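Enquirer: Supplied structure: entry-v9.csv, CSV, C-alpha atoms.
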```
chain,number,residue,atom,x,y,z
A,1,MET,CA,-10.9,10.6,-13.5
A,2,ALA,CA,-12.3,13.4,-11.4
A,3,GLY,CA,-11.0,15.1,-8.4
A,4,GLY,CA,-8.3,17.3,-9.8
A,5,HIS,CA,-4.7,16.7,-10.8
A,6,GLU,CA,-3.6,16.6,-7.2
A,7,VAL,CA,-5.5,13.4,-6.6
A,8,GLU,CA,-4.3,11.8,-9.8
A,9,ARG,CA,-0.7,12.6,-9.0
A,10,LEU,CA,-1.0,11.2,-5.5
A,11,ILE,CA,-2.5,8.0,-6.8
A,12,ASP,CA,0.3,7.7,-9.4
A,13,MET,CA,2.9,8.1,-6.7
A,14,MET,CA,1.3,5.6,-4.3
A,15,ALA,CA,0.9,3.1,-7.1
A,16,ARG,CA,4.7,3.0,-7.6
A,17,LEU,CA,5.3,1.9,-4.0
A,18,PRO,CA,6.1,-1.8,-3.7
A,19,GLY,CA,3.1,-3.9,-2.8
A,20,LEU,CA,0.6,-1.4,-4.2
A,21,GLY,CA,-0.8,-1.2,-7.7
A,22,PRO,CA,-3.1,1.3,-9.4
A,23,ARG,CA,-6.2,-0.3,-7.9
A,24,SER,CA,-5.0,-0.5,-4.3
A,25,ALA,CA,-3.4,3.0,-4.6
A,26,ARG,CA,-6.9,4.3,-5.7
A,27,ARG,CA,-8.5,2.7,-2.7
A,28,ALA,CA,-5.9,3.9,-0.3
A,29,VAL,CA,-6.1,7.5,-1.6
A,30,LEU,CA,-9.9,7.5,-1.4
A,31,THR,CA,-9.8,6.2,2.1
A,32,MET,CA,-7.3,8.9,3.0
A,33,ILE,CA,-9.5,11.6,1.5
A,34,ARG,CA,-12.5,10.4,3.4
A,35,LYS,CA,-10.4,10.5,6.6
A,36,LYS,CA,-8.4,13.6,5.8
A,37,SER,CA,-7.8,15.0,9.3
A,38,ASN,CA,-7.5,11.6,11.0
A,39,VAL,CA,-5.4,9.7,8.5
A,40,MET,CA,-4.0,11.8,5.6
A,41,GLU,CA,-2.8,14.8,7.5
A,42,PRO,CA,-0.9,12.8,10.2
A,43,LEU,CA,0.5,10.5,7.5
A,44,SER,CA,1.8,13.5,5.4
A,45,ARG,CA,3.4,15.0,8.5
A,46,ALA,CA,4.9,11.6,9.6
A,47,MET,CA,6.5,11.3,6.2
A,48,ALA,CA,7.9,14.9,6.3
A,49,ASP,CA,9.3,14.0,9.8
A,50,VAL,CA,11.1,11.0,8.4
A,51,VAL,CA,12.4,12.9,5.4
A,52,GLN,CA,13.8,15.5,7.8
A,53,ASN,CA,15.2,13.3,10.6
A,54,VAL,CA,16.0,9.8,9.4
A,55,ARG,CA,19.5,9.0,7.9
A,56,GLU,CA,21.9,6.2,7.5
A,57,CYS,CA,24.1,5.1,10.4
A,58,ASN,CA,27.7,6.1,9.8
A,59,GLN,CA,28.9,2.7,10.9
A,60,CYS,CA,26.5,0.1,9.7
A,61,SER,CA,24.1,1.9,7.3
A,62,ASN,CA,21.1,1.0,9.4
A,63,ILE,CA,18.5,3.8,9.5
A,64,THR,CA,18.7,6.1,12.4
A,65,THR,CA,17.9,9.5,13.7
A,66,ALA,CA,21.4,10.1,15.1
A,67,GLU,CA,24.9,9.9,13.6
A,68,ILE,CA,25.3,6.3,14.9
A,69,CYS,CA,22.3,3.9,15.2
A,70,GLU,CA,21.1,2.5,18.5
A,71,ILE,CA,22.6,-0.9,17.9
A,72,CYS,CA,26.1,0.4,17.0
A,73,ALA,CA,25.9,2.9,20.0
A,74,SER,CA,24.8,0.3,22.5
A,75,PRO,CA,27.5,-0.9,25.0
A,76,LYS,CA,25.4,-4.0,25.6
A,77,ARG,CA,26.0,-5.3,22.1
A,78,ASP,CA,28.9,-7.7,21.5
A,79,GLN,CA,31.6,-5.6,19.8
A,80,THR,CA,33.4,-8.7,18.5
A,81,VAL,CA,30.7,-10.2,16.3
A,82,LEU,CA,29.6,-8.6,13.1
A,83,CYS,CA,26.5,-9.8,11.1
A,84,VAL,CA,26.4,-8.9,7.4
A,85,VAL,CA,22.9,-8.4,6.0
A,86,GLU,CA,21.6,-7.3,2.6
A,87,ASN,CA,19.3,-4.6,3.7
A,88,VAL,CA,17.5,-2.9,6.6
A,89,ALA,CA,14.5,-5.2,6.3
A,90,ASP,CA,16.8,-8.2,6.9
A,91,LEU,CA,18.4,-6.4,9.9
A,92,TRP,CA,14.9,-5.9,11.4
A,93,ALA,CA,14.1,-9.6,10.7
A,94,MET,CA,17.2,-10.6,12.6
A,95,GLU,CA,16.4,-8.2,15.5
A,96,ARG,CA,12.9,-9.5,15.9
A,97,THR,CA,14.3,-12.9,17.0
A,98,ALA,CA,16.2,-11.0,19.8
A,99,VAL,CA,18.8,-13.8,19.6
A,100,PHE,CA,21.7,-12.0,18.0
A,101,ARG,CA,23.5,-9.7,20.4
A,102,GLY,CA,26.4,-8.4,18.1
A,103,ARG,CA,26.4,-5.6,15.6
A,104,TYR,CA,25.5,-5.3,11.9
A,105,PHE,CA,26.9,-4.3,8.6
A,106,VAL,CA,24.2,-3.4,6.0
A,107,LEU,CA,25.4,-3.9,2.4
A,108,GLY,CA,22.4,-2.2,0.8
A,109,GLY,CA,22.2,-4.8,-1.9
A,110,VAL,CA,24.0,-7.8,-3.4
A,111,LEU,CA,26.6,-8.1,-6.2
A,112,SER,CA,25.0,-8.2,-9.5
A,113,ALA,CA,26.7,-8.1,-12.9
A,114,LEU,CA,23.3,-7.6,-14.6
A,115,ASP,CA,22.4,-4.6,-12.5
A,116,GLY,CA,26.0,-3.4,-12.5
A,117,ILE,CA,26.3,-3.4,-8.7
A,118,THR,CA,30.0,-3.5,-7.7
A,119,PRO,CA,31.8,-4.4,-4.4
A,120,GLU,CA,32.5,-0.6,-4.0
A,121,GLU,CA,28.9,0.3,-4.1
A,122,LEU,CA,28.2,-2.3,-1.4
A,123,ARG,CA,31.1,-0.9,0.7
A,124,ILE,CA,32.7,-4.3,0.8
A,125,PRO,CA,36.2,-2.6,1.0
A,126,ALA,CA,34.9,-0.6,4.0
A,127,LEU,CA,33.7,-3.9,5.6
A,128,SER,CA,37.1,-5.5,5.0
A,129,ARG,CA,38.8,-2.5,6.6
A,130,ARG,CA,36.5,-2.6,9.6
A,131,VAL,CA,37.2,-6.3,10.2
A,132,LYS,CA,40.9,-5.5,10.1
A,133,GLU,CA,40.9,-2.5,12.3
A,134,GLU,CA,38.3,-3.4,14.9
A,135,ASN,CA,38.7,-6.3,17.3
A,136,ILE,CA,36.2,-8.5,15.4
A,137,SER,CA,36.4,-12.3,16.0
A,138,GLU,CA,33.4,-13.5,13.9
A,139,VAL,CA,31.7,-12.3,10.8
A,140,ILE,CA,28.2,-13.9,10.2
A,141,LEU,CA,27.2,-13.8,6.6
A,142,ALA,CA,23.4,-13.6,6.9
A,143,LEU,CA,22.7,-13.1,3.3
A,144,ASN,CA,19.6,-14.5,1.5
A,145,ALA,CA,19.8,-18.1,0.2
A,146,THR,CA,19.5,-16.9,-3.4
A,147,ILE,CA,22.1,-17.1,-6.1
A,148,ASP,CA,23.0,-13.4,-5.9
A,149,GLY,CA,23.1,-13.6,-2.1
A,150,GLN,CA,25.4,-16.6,-2.0
A,151,THR,CA,27.7,-15.1,-4.7
A,152,THR,CA,28.0,-12.0,-2.6
A,153,ALA,CA,28.7,-14.1,0.5
A,154,HIS,CA,31.5,-16.0,-1.2
A,155,TYR,CA,33.0,-12.7,-2.5
A,156,ILE,CA,33.0,-11.2,1.0
A,157,ALA,CA,34.5,-14.4,2.5
A,158,ASP,CA,37.3,-14.2,-0.1
A,159,GLN,CA,38.0,-10.6,0.9
A,160,ILE,CA,38.2,-11.0,4.7
A,161,GLU,CA,39.6,-14.5,5.1
A,162,GLY,CA,43.2,-14.8,6.3
A,163,GLN,CA,42.7,-12.1,8.9
A,164,GLY,CA,42.2,-14.5,11.8
A,165,VAL,CA,38.5,-13.9,11.9
A,166,SER,CA,36.0,-16.8,11.8
A,167,ILE,CA,33.5,-16.5,8.9
A,168,THR,CA,30.1,-18.2,9.4
A,169,SER,CA,26.8,-18.3,7.6
A,170,LEU,CA,23.2,-19.1,8.6
A,171,ALA,CA,22.3,-22.9,8.7
A,172,GLN,CA,20.2,-24.2,5.8
A,173,GLY,CA,17.6,-26.8,6.4
A,174,VAL,CA,13.9,-27.5,7.0
A,175,PRO,CA,12.1,-24.4,8.3
A,176,ILE,CA,10.3,-24.8,11.7
A,177,GLY,CA,6.8,-26.1,10.9
A,178,GLY,CA,7.9,-27.0,7.4
A,179,GLU,CA,6.4,-30.1,5.7
A,180,LEU,CA,8.8,-32.0,3.5
A,181,ASP,CA,6.1,-32.5,0.8
A,182,TYR,CA,5.9,-28.7,0.3
A,183,LEU,CA,9.7,-28.0,0.4
A,184,ASP,CA,11.8,-27.6,-2.7
A,185,ASP,CA,14.5,-30.2,-3.6
A,186,GLY,CA,17.3,-27.8,-2.8
A,187,THR,CA,16.2,-27.3,0.8
A,188,ILE,CA,15.7,-31.0,1.4
A,189,THR,CA,19.2,-31.8,-0.1
A,190,ALA,CA,20.7,-29.1,2.1
A,191,ALA,CA,18.9,-30.4,5.2
A,192,LEU,CA,20.0,-34.0,4.4
A,193,ASN,CA,23.6,-33.0,3.9
A,194,ALA,CA,23.7,-31.1,7.1
A,195,ARG,CA,21.9,-33.8,9.1
A,196,LYS,CA,22.9,-34.2,12.8
A,197,SER,CA,22.6,-37.0,15.4
A,198,PHE,CA,19.3,-37.1,17.1
B,199,MET,CA,12.8,-2.3,15.5
B,200,ALA,CA,15.5,0.2,14.9
B,201,GLY,CA,15.3,3.6,13.1
B,202,GLY,CA,13.6,5.8,15.7
B,203,HIS,CA,10.0,6.3,16.6
B,204,GLU,CA,9.4,8.4,13.5
B,205,VAL,CA,9.8,5.3,11.3
B,206,GLU,CA,7.8,3.0,13.5
B,207,ARG,CA,5.0,5.5,13.6
B,208,LEU,CA,5.0,5.9,9.9
B,209,ILE,CA,4.9,2.1,9.3
B,210,ASP,CA,2.0,1.8,11.8
B,211,MET,CA,0.0,4.5,9.9
B,212,MET,CA,0.7,3.0,6.5
B,213,ALA,CA,-0.3,-0.5,7.7
B,214,ARG,CA,-3.7,0.8,8.5
B,215,LEU,CA,-4.4,1.8,4.8
B,216,PRO,CA,-6.7,-0.6,2.9
B,217,GLY,CA,-4.7,-3.1,0.9
B,218,LEU,CA,-1.6,-2.7,3.1
B,219,GLY,CA,-0.6,-4.8,6.1
B,220,PRO,CA,2.4,-4.6,8.5
B,221,ARG,CA,4.7,-6.4,6.1
B,222,SER,CA,4.0,-4.4,3.0
B,223,ALA,CA,3.9,-1.1,5.0
B,224,ARG,CA,7.4,-2.0,6.2
B,225,ARG,CA,8.6,-2.6,2.6
B,226,ALA,CA,7.0,0.5,1.3
B,227,VAL,CA,8.5,2.7,4.1
B,228,LEU,CA,12.0,1.2,3.6
B,229,THR,CA,11.7,1.9,-0.1
B,230,MET,CA,10.6,5.4,0.6
B,231,ILE,CA,13.5,6.0,3.0
B,232,ARG,CA,16.0,4.6,0.3
B,233,LYS,CA,14.5,7.1,-2.2
B,234,LYS,CA,13.9,10.0,0.2
B,235,SER,CA,14.2,12.9,-2.2
B,236,ASN,CA,12.7,11.1,-5.2
B,237,VAL,CA,9.8,9.4,-3.6
B,238,MET,CA,9.1,10.2,0.0
B,239,GLU,CA,9.4,14.0,-0.1
B,240,PRO,CA,7.2,14.4,-3.2
B,241,LEU,CA,4.7,12.0,-1.8
B,242,SER,CA,4.5,13.8,1.5
B,243,ARG,CA,4.0,17.1,-0.3
B,244,ALA,CA,1.4,15.6,-2.7
B,245,MET,CA,-0.6,14.4,0.4
B,246,ALA,CA,-0.3,17.8,2.0
B,247,ASP,CA,-1.6,19.4,-1.3
B,248,VAL,CA,-4.6,17.1,-1.3
B,249,VAL,CA,-5.3,17.7,2.4
B,250,GLN,CA,-5.2,21.4,1.6
B,251,ASN,CA,-7.1,21.5,-1.7
B,252,VAL,CA,-9.4,18.6,-2.1
B,253,ARG,CA,-13.0,18.7,-0.8
B,254,GLU,CA,-16.5,17.3,-1.5
B,255,CYS,CA,-18.5,18.7,-4.3
B,256,ASN,CA,-21.4,20.7,-2.9
B,257,GLN,CA,-23.9,19.1,-5.3
B,258,CYS,CA,-22.9,15.4,-5.7
B,259,SER,CA,-20.2,14.7,-3.0
B,260,ASN,CA,-17.6,13.7,-5.6
B,261,ILE,CA,-14.1,14.9,-4.7
B,262,THR,CA,-13.0,18.2,-6.2
B,263,THR,CA,-10.7,21.1,-5.8
B,264,ALA,CA,-13.6,23.6,-6.4
B,265,GLU,CA,-17.0,24.3,-4.9
B,266,ILE,CA,-18.6,22.2,-7.6
B,267,CYS,CA,-16.9,19.2,-9.3
B,268,GLU,CA,-16.0,19.2,-13.0
B,269,ILE,CA,-18.9,16.8,-13.8
B,270,CYS,CA,-21.6,18.9,-12.1
B,271,ALA,CA,-20.1,22.1,-13.5
B,272,SER,CA,-19.9,20.8,-17.1
B,273,PRO,CA,-22.6,22.1,-19.5
B,274,LYS,CA,-21.9,19.1,-21.7
B,275,ARG,CA,-23.4,16.7,-19.1
B,276,ASP,CA,-27.0,15.8,-19.4
B,277,GLN,CA,-28.8,17.7,-16.6
B,278,THR,CA,-31.9,15.4,-16.7
B,279,VAL,CA,-30.2,12.1,-15.8
B,280,LEU,CA,-28.9,11.4,-12.3
B,281,CYS,CA,-26.8,8.3,-11.4
B,282,VAL,CA,-26.8,7.3,-7.8
B,283,VAL,CA,-23.5,5.6,-6.7
B,284,GLU,CA,-22.3,4.3,-3.4
B,285,ASN,CA,-18.9,6.0,-3.3
B,286,VAL,CA,-16.3,8.0,-5.4
B,287,ALA,CA,-14.5,4.8,-6.5
B,288,ASP,CA,-17.8,3.6,-8.1
B,289,LEU,CA,-18.2,7.0,-9.7
B,290,TRP,CA,-14.7,6.7,-11.2
B,291,ALA,CA,-15.5,3.1,-12.4
B,292,MET,CA,-18.6,4.5,-14.2
B,293,GLU,CA,-16.6,7.4,-15.7
B,294,ARG,CA,-13.9,5.0,-17.1
B,295,THR,CA,-16.5,3.5,-19.4
B,296,ALA,CA,-17.2,7.0,-20.8
B,297,VAL,CA,-20.7,5.9,-21.7
B,298,PHE,CA,-22.7,7.7,-19.1
B,299,ARG,CA,-23.2,11.4,-19.9
B,300,GLY,CA,-25.4,12.5,-17.0
B,301,ARG,CA,-24.5,13.6,-13.5
B,302,TYR,CA,-24.0,11.8,-10.3
B,303,PHE,CA,-25.1,11.6,-6.7
B,304,VAL,CA,-22.6,10.0,-4.3
B,305,LEU,CA,-24.2,8.5,-1.2
B,306,GLY,CA,-21.0,7.9,0.6
B,307,GLY,CA,-22.2,4.4,1.8
B,308,VAL,CA,-25.2,2.2,2.0
B,309,LEU,CA,-27.9,1.8,4.6
B,310,SER,CA,-26.9,-0.6,7.3
B,311,ALA,CA,-28.8,-1.4,10.5
B,312,LEU,CA,-25.7,-3.1,11.8
B,313,ASP,CA,-23.3,-0.1,11.3
B,314,GLY,CA,-26.1,2.3,12.2
B,315,ILE,CA,-26.0,4.1,8.9
B,316,THR,CA,-29.3,6.0,8.4
B,317,PRO,CA,-30.9,7.6,5.3
B,318,GLU,CA,-30.0,11.1,6.7
B,319,GLU,CA,-26.3,10.2,6.8
B,320,LEU,CA,-26.5,9.1,3.2
B,321,ARG,CA,-28.3,12.4,2.3
B,322,ILE,CA,-31.2,10.5,0.8
B,323,PRO,CA,-33.6,13.3,1.8
B,324,ALA,CA,-31.3,15.7,-0.1
B,325,LEU,CA,-31.4,13.4,-3.1
B,326,SER,CA,-35.2,13.3,-2.9
B,327,ARG,CA,-35.4,17.1,-2.7
B,328,ARG,CA,-33.0,17.4,-5.7
B,329,VAL,CA,-35.1,15.1,-7.8
B,330,LYS,CA,-38.2,17.2,-6.9
B,331,GLU,CA,-36.6,20.6,-7.5
B,332,GLU,CA,-34.5,20.0,-10.6
B,333,ASN,CA,-35.7,19.0,-14.0
B,334,ILE,CA,-34.7,15.3,-13.6
B,335,SER,CA,-36.3,12.7,-15.8
B,336,GLU,CA,-34.4,9.6,-14.9
B,337,VAL,CA,-32.6,8.3,-11.8
B,338,ILE,CA,-30.2,5.4,-12.4
B,339,LEU,CA,-29.6,3.4,-9.2
B,340,ALA,CA,-26.0,2.1,-9.9
B,341,LEU,CA,-25.5,0.5,-6.5
B,342,ASN,CA,-23.5,-2.6,-5.9
B,343,ALA,CA,-25.4,-5.9,-6.4
B,344,THR,CA,-24.9,-6.8,-2.7
B,345,ILE,CA,-27.7,-7.2,-0.1
B,346,ASP,CA,-27.0,-3.8,1.4
B,347,GLY,CA,-26.7,-2.1,-2.0
B,348,GLN,CA,-30.0,-3.5,-3.1
B,349,THR,CA,-31.7,-2.7,0.2
B,350,THR,CA,-30.5,0.9,-0.2
B,351,ALA,CA,-31.7,1.0,-3.9
B,352,HIS,CA,-35.2,-0.1,-2.8
B,353,TYR,CA,-35.3,2.4,-0.1
B,354,ILE,CA,-34.3,5.2,-2.5
B,355,ALA,CA,-36.8,4.1,-5.1
B,356,ASP,CA,-39.6,4.2,-2.4
B,357,GLN,CA,-38.6,7.8,-1.5
B,358,ILE,CA,-38.5,9.2,-5.0
B,359,GLU,CA,-41.3,7.3,-6.8
B,360,GLY,CA,-44.5,9.1,-7.6
B,361,GLN,CA,-42.7,12.3,-8.7
B,362,GLY,CA,-43.0,11.5,-12.4
B,363,VAL,CA,-39.3,10.4,-12.7
B,364,SER,CA,-38.3,7.1,-14.2
B,365,ILE,CA,-36.2,4.9,-11.8
B,366,THR,CA,-33.8,2.4,-13.4
B,367,SER,CA,-31.0,0.1,-12.3
B,368,LEU,CA,-28.0,-1.5,-13.9
B,369,ALA,CA,-28.8,-4.8,-15.8
B,370,GLN,CA,-27.8,-8.0,-14.1
B,371,GLY,CA,-26.4,-10.9,-16.1
B,372,VAL,CA,-23.4,-12.7,-17.3
B,373,PRO,CA,-20.3,-10.4,-17.3
B,374,ILE,CA,-18.5,-10.0,-20.6
B,375,GLY,CA,-16.0,-12.8,-21.0
B,376,GLY,CA,-17.7,-14.7,-18.1
B,377,GLU,CA,-17.9,-18.5,-18.2
B,378,LEU,CA,-21.1,-20.1,-16.9
B,379,ASP,CA,-19.1,-22.7,-15.0
B,380,TYR,CA,-17.4,-20.1,-12.9
B,381,LEU,CA,-20.5,-17.9,-12.2
B,382,ASP,CA,-22.6,-18.1,-9.0
B,383,ASP,CA,-26.1,-19.4,-9.2
B,384,GLY,CA,-27.6,-16.0,-8.4
B,385,THR,CA,-26.0,-14.5,-11.5
B,386,ILE,CA,-27.1,-17.3,-13.8
B,387,THR,CA,-30.7,-17.1,-12.4
B,388,ALA,CA,-30.7,-13.3,-13.0
B,389,ALA,CA,-29.3,-13.7,-16.5
B,390,LEU,CA,-31.9,-16.4,-17.3
B,391,ASN,CA,-34.8,-14.4,-16.0
B,392,ALA,CA,-33.7,-11.3,-18.0
B,393,ARG,CA,-33.1,-13.3,-21.2
B,394,LYS,CA,-33.8,-11.5,-24.4
B,395,SER,CA,-34.4,-12.6,-28.0
B,396,PHE,CA,-31.3,-13.4,-30.0
```
So that I can check it, write out the structure of this file as structure tokens.
Expert:
Amino acid sequence: MAGGHEVERLIDMMARLPGLGPRSARRAVLTMIRKKSNVMEPLSRAMADVVQNVRECNQCSNITTAEICEICASPKRDQTVLCVVENVADLWAMERTAVFRGRYFVLGGVLSALDGITPEELRIPALSRRVKEENISEVILALNATIDGQTTAHYIADQIEGQGVSITSLAQGVPIGGELDYLDDGTITAALNARKSF
Amino acid sequence: MAGGHEVERLIDMMARLPGLGPRSARRAVLTMIRKKSNVMEPLSRAMADVVQNVRECNQCSNITTAEICEICASPKRDQTVLCVVENVADLWAMERTAVFRGRYFVLGGVLSALDGITPEELRIPALSRRVKEENISEVILALNATIDGQTTAHYIADQIEGQGVSITSLAQGVPIGGELDYLDDGTITAALNARKSF
């Protein structure tokens, strides 16, 4: 491949990002080279900015440019409700709905014996301490409806129950716009078990 | 979306690259933030390197870190055969086969009345001059088998014919491993018309 080692190295790096492969990395890099001053230079600078300025929130592990993220720092957020999510992408998904007005706790993963991810790595003891020390009345376990997600939810519930805090989880059922014919059996079973009067 | 304007700006920029959308840009940026020193910092520096060092070859418009690209500079490449390609990605595709041993001329696009792309922008006059001045015996028009690609090929052929140079194009037919049932009518027609004795 022509173009010098710089270009090959850049393509290799881009290809390792999630959602990109060798082919799309090649296309992206060639586009960037064609638009060097309009695309590539600003992008490189934006990345350097983020490397420099973005860090984890001391309280919830959301990403932020300050010590404490905007959500934890906001006096408008309900201090008594804490929503536990797996990662920052899930936090953003929750925020997009603009329905939840409490604060978050980002685990940064889920328990996994296979990958050797322990409760300490997910800061579950810190979560447990926070629930005890702060005036929290409800912990919402908004973990993914996967096996690992649900295992983690059960582990967390075990750790924090008996502290007078109510522990809830997201409802399971038919997604809005969902067609029964295209849903898996597990979802239909969950929706049927959780049926409510019309 | 939390995380400061730096992160939002970076996601916006990434989302505009070909092959990425808002969702995959978000995932890529979050992965990069998680692996700041291992992924994001080197990537930002690799981009800055390319911005700094990579430019167009003076002769063929391939990308290079020198005045003249490796292919144009190599004494091992046949100086009498010139392969005309639409862009650098196509040049790389040709090079991967390691069959062609001549040199290239990268147009940087195809003629398009709709997009207002003229022969001058594609440096077709420069190509024509080069064919006249250098000792070139064959010009291979390796343009895409699309309408615009073939229109451009015909235009180039018109410009350089009558200079005692043979003008060829890539063969059209059934791709290796191709099944007739899945091929379009145009390809089968071309393959039939160009049939050869077995």
Enquirer: Only residues of chain B matter here; which ones have an atom within 7 Å of chain A, counting only C-alpha atoms? Give them as number ranges by chain.
Expert: B: 199, 201-202, 204-205, 208, 211, 215-217, 222, 225-226, 234, 238-239, 241-242, 244-249, 261-263, 290, 293
Enquirer: What are the closest atom pairs, with distances in Å to one decimal, for all residues of segment 313-388 of chain B lying within 9 Å of segment 272-281 of chain B? Consider all atoms listed in the file, order rows by chain and residue number, and present the result as JSON lines.
Expert:
```
{"residue": "B:Val329", "atom": "CA", "partner": "B:Leu280", "partner_atom": "CA", "distance": 8.5}
{"residue": "B:Glu332", "atom": "CA", "partner": "B:Thr278", "partner_atom": "CA", "distance": 8.1}
{"residue": "B:Asn333", "atom": "CA", "partner": "B:Thr278", "partner_atom": "CA", "distance": 5.9}
{"residue": "B:Ile334", "atom": "CA", "partner": "B:Thr278", "partner_atom": "CA", "distance": 4.2}
{"residue": "B:Ser335", "atom": "CA", "partner": "B:Thr278", "partner_atom": "CA", "distance": 5.2}
{"residue": "B:Glu336", "atom": "CA", "partner": "B:Val279", "partner_atom": "CA", "distance": 5.0}
{"residue": "B:Val337", "atom": "CA", "partner": "B:Leu280", "partner_atom": "CA", "distance": 4.9}
{"residue": "B:Ile338", "atom": "CA", "partner": "B:Cys281", "partner_atom": "CA", "distance": 4.6}
{"residue": "B:Leu339", "atom": "CA", "partner": "B:Cys281", "partner_atom": "CA", "distance": 6.1}
{"residue": "B:Ala340", "atom": "CA", "partner": "B:Cys281", "partner_atom": "CA", "distance": 6.4}
```
Enquirer: Would you save the residues of that selection, restricted to C-alpha atoms, as a PDB file, in the frame of the given file?
Expert:
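result_7.pdb written:
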```pdb
ATOM      1  CA  VAL B 329     -35.100  15.100  -7.800  1.00  0.00           C
ATOM      2  CA  GLU B 332     -34.500  20.000 -10.600  1.00  0.00           C
ATOM      3  CA  ASN B 333     -35.700  19.000 -14.000  1.00  0.00           C
ATOM      4  CA  ILE B 334     -34.700  15.300 -13.600  1.00  0.00           C
ATOM      5  CA  SER B 335     -36.300  12.700 -15.800  1.00  0.00           C
ATOM      6  CA  GLU B 336     -34.400   9.600 -14.900  1.00  0.00           C
ATOM      7  CA  VAL B 337     -32.600   8.300 -11.800  1.00  0.00           C
ATOM      8  CA  ILE B 338     -30.200   5.400 -12.400  1.00  0.00           C
ATOM      9  CA  LEU B 339     -29.600   3.400  -9.200  1.00  0.00           C
ATOM     10  CA  ALA B 340     -26.000   2.100  -9.900  1.00  0.00           C
TER      11      ALA B 340
END
```
Enquirer: For the atom pair atom CA of Gln361 of chain B and atom CA of Ser326 of chain B, what is the interatomic distance in Å to one decimal place?
Expert: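 Atom CA of Ser326 of chain B lies at a distance of 9.5 Å from atom CA of Gln361 of chain B.
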Enquirer: List the neighbours of segment 119-125 of chain A out to 7 Å using all atoms listed in the file; skip same-chain residues closer than 3 positions along the sequence, and give me the result as a PyMOL selection string.
Expert: chain A and resi 107-109+111+128-129+156
Enquirer: The selected residues should be written to file as a CSV table (one decimal), in the frame of the given file (atoms: C-alpha atoms).
Expert:
```csv
chain,number,residue,atom,x,y,z
A,107,LEU,CA,25.4,-3.9,2.4
A,108,GLY,CA,22.4,-2.2,0.8
A,109,GLY,CA,22.2,-4.8,-1.9
A,111,LEU,CA,26.6,-8.1,-6.2
A,128,SER,CA,37.1,-5.5,5.0
A,129,ARG,CA,38.8,-2.5,6.6
A,156,ILE,CA,33.0,-11.2,1.0
```
Enquirer: Distance cut-off 12 Å, centre (11.7, -29.0, 1.3) in file coordinates, counting all atoms listed in the file: which residues qualify? Return them as a ChimeraX atom specification.
Expert: /A:172-192
Enquirer: So how many Å separate atom CA of Ala343 of chain B and atom CA of Val283 of chain B, to one decimal?
Expert: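 Separation of atom CA of Ala343 of chain B and atom CA of Val283 of chain B: 11.7 Å.
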